[in-house]
Every structure is written in C-alpha cells, then in structure tokens.
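**Student:** Here it is, the structure in full.
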Amino acid sequence: MENRIVVGGALIHQGRVLAARRSAPPEVAGYWEFPGGKAEPGETQEQALERELHEELGVRARALRQLPGQWPIRAGLELRIWAAELVSGDPQPLEDHSELRWLGPTELADVDWLEHDREVLPHIARLLAEPRP
Ligand SMILES: Nc1nc2c([nH]c(=O)n2[C@H]2C[C@H](O)[C@@H](COP(=O)(O)OP(=O)(O)OP(=O)(O)O)O2)c(=O)[nH]1
C-alpha cells in the first residue's frame with residue numbers, strides 16, 4: 001500500500017506561528033502540533049493542508065512550501081510539515097484541538113510539542129526571522 005501523507009501546517013501570521021494543542025486520541029492528547037491531517041486520495045499536499053486548516057480552524061490559508069523532513073508515524077502514514085500563510089479569518093479550535101497559541105520566535109520552545117514537530121522548529125525560527133513585506 002502506498003504511504004498516506006499527513007500534512008501539518010505551520011501557519012504564519014505577523015511574525016508568529018500557530019501551535020495547536022491536540023484533544024485526541026489519548027496517546028497524543030495534550031501535546032502541541034501543527035494543525036492538519038491526512039491527504040485524501042487525489043489531493044495534493046497543498047490542497048489537503050488548506051482543506052484541513054479550514055475544517056479545523058475555520059480559516060483560509062495558503063500553503064507556501066514544505067519544510068525539510070518527513071517522519072513515519074505508523075505503518076502507511078508519513079508526516080510532512082509545510083509553512084502556510086493566513087489569508088483570512090481568526091483561527092478557532094473547531095475540531096481536534098483544545099487550545100491555540102500564536103508563538104513568536106523566542107517562544108517556540110514554550111509548548112510541549114509532539115516529538116517530530118520539534119525537529120522543524122529551527123526552520124520555523126528562520127522563517128519568522130525573514131523580513132516581511
Ligand atoms: N495533524 C498533525 N498530526 C501530527 C503532527 N505530528 C504528528 O506526529 N502527528 C500525528 C498525530 C496523528 O497520529 C497523525 C495525524 O492524524 P490526524 O488525526 O491529524 O489526521 P486527520 O485529521 O486526517 O484524522 P482523521 O480524519 O483520520 O480522524 O499524525 C502534526 O504536526 N500535525
């Protein structure tokens with residue numbers, strides 16, 4: 001069976017990134033992640049990410065680029081993390097999350113990330129340091 005991709009979105013807005021605290025399932029509940037989910041068959045990663053961010057947070061977002069790294073989660077499931085930008089809306093924890101936090105460049109280590117997500121934090125720190133238009 002082909003690997004199914006889980007896309008996590010590092011949603012960036014005004015120099016901060018959104019972290020989301022999972023509410024389920026029990027093995028990951030309480031940990032912080034980049035909101036997202038599984039790509040459906042036929043969907044690109046960008047489409048999956050934009051759909052998931054709309055479903056989970058109620059916002060419109062645009063996928064920007066994939067960050068380095070890919071992590072097997074379990075058999076047949078692999079995580080990729082993308083940078084995304086907020087197009088419109090104010091993120092709300094509509095599904096899967098109990099809490100949301102915008103983190104600035106010096107706050108990235110302030111939440112208890114899922115272990116794979118922790119690995120992309122240096123890339124996120126660099127993105128947040130880029131000058132904004
Ligand atoms: N969404 C997301 N999942 C992550 C991240 N890091 C990480 O290890 N995971 C794991 C947790 C879950 O086991 C799996 C993703 O499942 P999910 O529950 O978000 O996917 P989904 O929304 O499509 O779920 P479902 O429709 O099948 O219920 O990947 C991350 O940054 N974002």
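Chain labels follow the order of the structure tokens: the first chain is A, the next B, and so on; residue numbering restarts at 1 in every chain, and ligands are counted from 1 in their shown order.
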Pick out each residue of range 13-118 of chain A that DSSP on the backbone tags as strand (DSSP E or B); I need them as an MDAnalysis selection string.

**Tutor:** chainID A and resid 13 16:22 32:33 36:38 60:66 71:74 77:88 97:103 113

**Student:** Within 9 Å of ligand 1, which residues of chain A come that close, and what is the closest atom pair and distance in Å for each? Count only C-alpha atoms and all ligand atoms and give it as a Markdown table.

**Tutor:**
| residue | atom | partner | partner_atom_place_in_ligand_line | distance |
| --- | --- | --- | --- | --- |
| A:Ile5 | CA | ligand 1 | 15 (C) | 8.9 |
| A:Val6 | CA | ligand 1 | 15 (C) | 5.7 |
| A:Val7 | CA | ligand 1 | 1 (N) | 6.3 |
| A:Gly8 | CA | ligand 1 | 32 (N) | 4.2 |
| A:Gly9 | CA | ligand 1 | 31 (O) | 7.1 |
| A:Ala10 | CA | ligand 1 | 31 (O) | 8.2 |
| A:Ala19 | CA | ligand 1 | 31 (O) | 8.9 |
| A:Ala20 | CA | ligand 1 | 31 (O) | 8.7 |
| A:Arg22 | CA | ligand 1 | 11 (C) | 8.6 |
| A:Ala24 | CA | ligand 1 | 18 (O) | 7.8 |
| A:Pro25 | CA | ligand 1 | 18 (O) | 7.8 |
| A:Glu27 | CA | ligand 1 | 13 (O) | 8.4 |
| A:Val28 | CA | ligand 1 | 11 (C) | 6.5 |
| A:Trp32 | CA | ligand 1 | 31 (O) | 7.7 |
| A:Glu33 | CA | ligand 1 | 31 (O) | 4.1 |
| A:Phe34 | CA | ligand 1 | 31 (O) | 3.9 |
| A:Pro35 | CA | ligand 1 | 1 (N) | 4.8 |
| A:Gly36 | CA | ligand 1 | 1 (N) | 3.8 |
| A:Gly37 | CA | ligand 1 | 20 (O) | 3.5 |
| A:Lys38 | CA | ligand 1 | 23 (O) | 3.7 |
| A:Ala39 | CA | ligand 1 | 23 (O) | 6.9 |
| A:Glu40 | CA | ligand 1 | 23 (O) | 8.2 |
| A:Glu52 | CA | ligand 1 | 22 (O) | 7.1 |
| A:Glu56 | CA | ligand 1 | 22 (O) | 8.2 |
| A:Trp71 | CA | ligand 1 | 8 (O) | 8.0 |
| A:Pro72 | CA | ligand 1 | 8 (O) | 8.6 |
| A:Ile73 | CA | ligand 1 | 8 (O) | 6.1 |
| A:Arg74 | CA | ligand 1 | 13 (O) | 7.9 |
| A:Leu77 | CA | ligand 1 | 29 (O) | 7.7 |
| A:Glu78 | CA | ligand 1 | 29 (O) | 7.7 |
| A:Leu79 | CA | ligand 1 | 29 (O) | 6.3 |
| A:Arg80 | CA | ligand 1 | 31 (O) | 8.1 |
| A:Ile81 | CA | ligand 1 | 31 (O) | 6.8 |
| A:Glu95 | CA | ligand 1 | 22 (O) | 8.7 |
| A:Asp96 | CA | ligand 1 | 18 (O) | 7.4 |
| A:Trp113 | CA | ligand 1 | 6 (N) | 8.4 |
| A:Leu114 | CA | ligand 1 | 8 (O) | 5.7 |
| A:Glu115 | CA | ligand 1 | 8 (O) | 6.9 |
| A:His116 | CA | ligand 1 | 8 (O) | 5.7 |
| A:Asp117 | CA | ligand 1 | 31 (O) | 5.4 |

**Student:** How would the residues just picked look written out with N, CA and C atoms as a short mmCIF file (atom, residue, chain, number, x, y, z; two decimals), in the first residue's frame?

**Tutor:**
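Output saved as result_9.cif:
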data_model
loop_
_atom_site.label_atom_id
_atom_site.label_comp_id
_atom_site.auth_asym_id
_atom_site.auth_seq_id
_atom_site.Cartn_x
_atom_site.Cartn_y
_atom_site.Cartn_z
N ILE A 5 -0.07 10.47 3.29
CA ILE A 5 0.64 11.62 3.85
C ILE A 5 -0.24 12.36 4.85
N VAL A 6 0.33 12.68 6.00
CA VAL A 6 -0.30 13.62 6.94
C VAL A 6 0.42 14.96 6.75
N VAL A 7 -0.34 16.01 6.49
CA VAL A 7 0.27 17.32 6.30
C VAL A 7 -0.03 18.19 7.51
N GLY A 8 1.03 18.69 8.14
CA GLY A 8 0.88 19.63 9.25
C GLY A 8 1.21 21.02 8.73
N GLY A 9 0.47 22.01 9.17
CA GLY A 9 0.68 23.36 8.66
C GLY A 9 1.23 24.30 9.72
N ALA A 10 2.44 24.83 9.44
CA ALA A 10 2.99 25.87 10.31
C ALA A 10 2.43 27.19 9.78
N ALA A 19 0.46 27.32 17.13
CA ALA A 19 0.59 25.98 17.72
C ALA A 19 -0.80 25.57 18.21
N ALA A 20 -1.11 24.28 18.07
CA ALA A 20 -2.43 23.78 18.44
C ALA A 20 -2.27 22.57 19.36
N ARG A 22 -3.52 19.22 20.86
CA ARG A 22 -4.45 18.14 20.45
C ARG A 22 -5.33 17.71 21.60
N ALA A 24 -7.25 14.76 21.14
CA ALA A 24 -7.42 13.32 20.96
C ALA A 24 -6.49 12.86 19.85
N PRO A 25 -6.23 11.57 19.69
CA PRO A 25 -6.55 10.46 20.60
C PRO A 25 -5.63 10.50 21.83
N GLU A 27 -3.11 9.00 23.03
CA GLU A 27 -1.64 8.91 23.00
C GLU A 27 -0.98 10.24 22.60
N VAL A 28 -1.73 11.13 21.97
CA VAL A 28 -1.14 12.43 21.59
C VAL A 28 -1.87 13.61 22.23
N TRP A 32 1.36 19.56 21.67
CA TRP A 32 1.13 20.63 20.68
C TRP A 32 1.66 20.20 19.33
N GLU A 33 0.97 20.65 18.28
CA GLU A 33 1.32 20.24 16.91
C GLU A 33 1.00 21.37 15.96
N PHE A 34 1.30 21.11 14.68
CA PHE A 34 0.87 21.98 13.61
C PHE A 34 -0.42 21.39 13.06
N PRO A 35 -1.52 22.15 13.10
CA PRO A 35 -2.79 21.58 12.70
C PRO A 35 -2.76 21.07 11.26
N GLY A 36 -3.53 20.06 10.98
CA GLY A 36 -3.54 19.47 9.64
C GLY A 36 -4.17 18.10 9.69
N GLY A 37 -3.84 17.26 8.73
CA GLY A 37 -4.41 15.91 8.73
C GLY A 37 -4.05 15.17 7.47
N LYS A 38 -4.74 14.07 7.26
CA LYS A 38 -4.38 13.17 6.17
C LYS A 38 -4.85 13.71 4.83
N ALA A 39 -3.97 13.59 3.82
CA ALA A 39 -4.39 13.93 2.46
C ALA A 39 -5.33 12.84 1.96
N GLU A 40 -6.39 13.27 1.31
CA GLU A 40 -7.34 12.32 0.70
C GLU A 40 -6.75 11.86 -0.63
N GLU A 52 -7.74 21.10 5.47
CA GLU A 52 -7.70 20.75 6.91
C GLU A 52 -7.68 22.02 7.78
N GLU A 56 -10.44 22.59 10.57
CA GLU A 56 -10.04 22.55 11.99
C GLU A 56 -10.04 23.91 12.65
N TRP A 71 8.53 12.14 8.40
CA TRP A 71 8.60 11.25 9.56
C TRP A 71 7.52 10.19 9.47
N PRO A 72 7.92 8.90 9.57
CA PRO A 72 6.91 7.84 9.63
C PRO A 72 6.18 7.93 10.96
N ILE A 73 4.86 7.91 10.92
CA ILE A 73 4.08 7.99 12.14
C ILE A 73 3.70 6.58 12.59
N ARG A 74 3.18 5.84 11.64
CA ARG A 74 2.97 4.41 11.84
C ARG A 74 2.87 3.82 10.45
N LEU A 77 1.72 5.65 7.10
CA LEU A 77 1.38 7.04 7.38
C LEU A 77 2.66 7.84 7.62
N GLU A 78 2.81 8.92 6.86
CA GLU A 78 4.05 9.70 6.95
C GLU A 78 3.72 11.19 7.09
N LEU A 79 4.39 11.84 8.02
CA LEU A 79 4.15 13.26 8.29
C LEU A 79 5.08 14.16 7.48
N ARG A 80 4.52 15.19 6.88
CA ARG A 80 5.28 16.28 6.26
C ARG A 80 4.76 17.58 6.88
N ILE A 81 5.65 18.55 6.98
CA ILE A 81 5.22 19.83 7.55
C ILE A 81 5.48 20.95 6.54
N GLU A 95 -12.14 21.74 15.75
CA GLU A 95 -12.07 20.27 15.86
C GLU A 95 -10.67 19.88 16.27
N ASP A 96 -10.56 18.81 17.00
CA ASP A 96 -9.27 18.15 17.28
C ASP A 96 -8.35 18.88 18.26
N TRP A 113 5.73 20.16 22.38
CA TRP A 113 5.43 19.69 21.01
C TRP A 113 5.46 18.18 20.92
N LEU A 114 4.69 17.64 19.96
CA LEU A 114 4.89 16.25 19.55
C LEU A 114 6.33 16.14 19.05
N GLU A 115 6.95 14.98 19.21
CA GLU A 115 8.41 14.91 19.01
C GLU A 115 8.84 15.27 17.59
N HIS A 116 8.08 14.85 16.55
CA HIS A 116 8.51 15.16 15.18
C HIS A 116 8.44 16.67 14.93
N ASP A 117 7.41 17.27 15.44
CA ASP A 117 7.19 18.71 15.20
C ASP A 117 8.35 19.54 15.76
#

**Student:** Between A:Ala75, A:Ala29, A:Val120, A:Leu18, single out the one closest to Leu57 in chain A, counting only C-alpha atoms.

**Tutor:** A:Leu18

**Student:** Quote the spacing between CA of Val111 in chain A and CA of Gly15 in chain A in Å to one decimal place.

**Tutor:**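 CA of Gly15 in chain A lies 17.4 Å from CA of Val111 in chain A.
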
**Student:** For CA of Glu50 in chain A and CA of Thr106 in chain A, quote the distance in Å rounded to one decimal.

**Tutor:**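 Rounded to one decimal, the two atoms are 26.7 Å apart.
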
**Student:** Per DSSP on the backbone, what are the alpha helix (DSSP H) residues of chain A, as a list in words?

**Tutor:**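 Those residues are Gln45, Glu46, Gln47, Ala48, Leu49, Glu50, Arg51, Glu52, Leu53, His54, Glu55, Glu56, Leu57, Glu115, His116, Asp117, Arg118, Glu119, Leu121, Pro122, His123, Ile124, Ala125, Arg126, Leu127, Leu128 and Ala129 of chain A.
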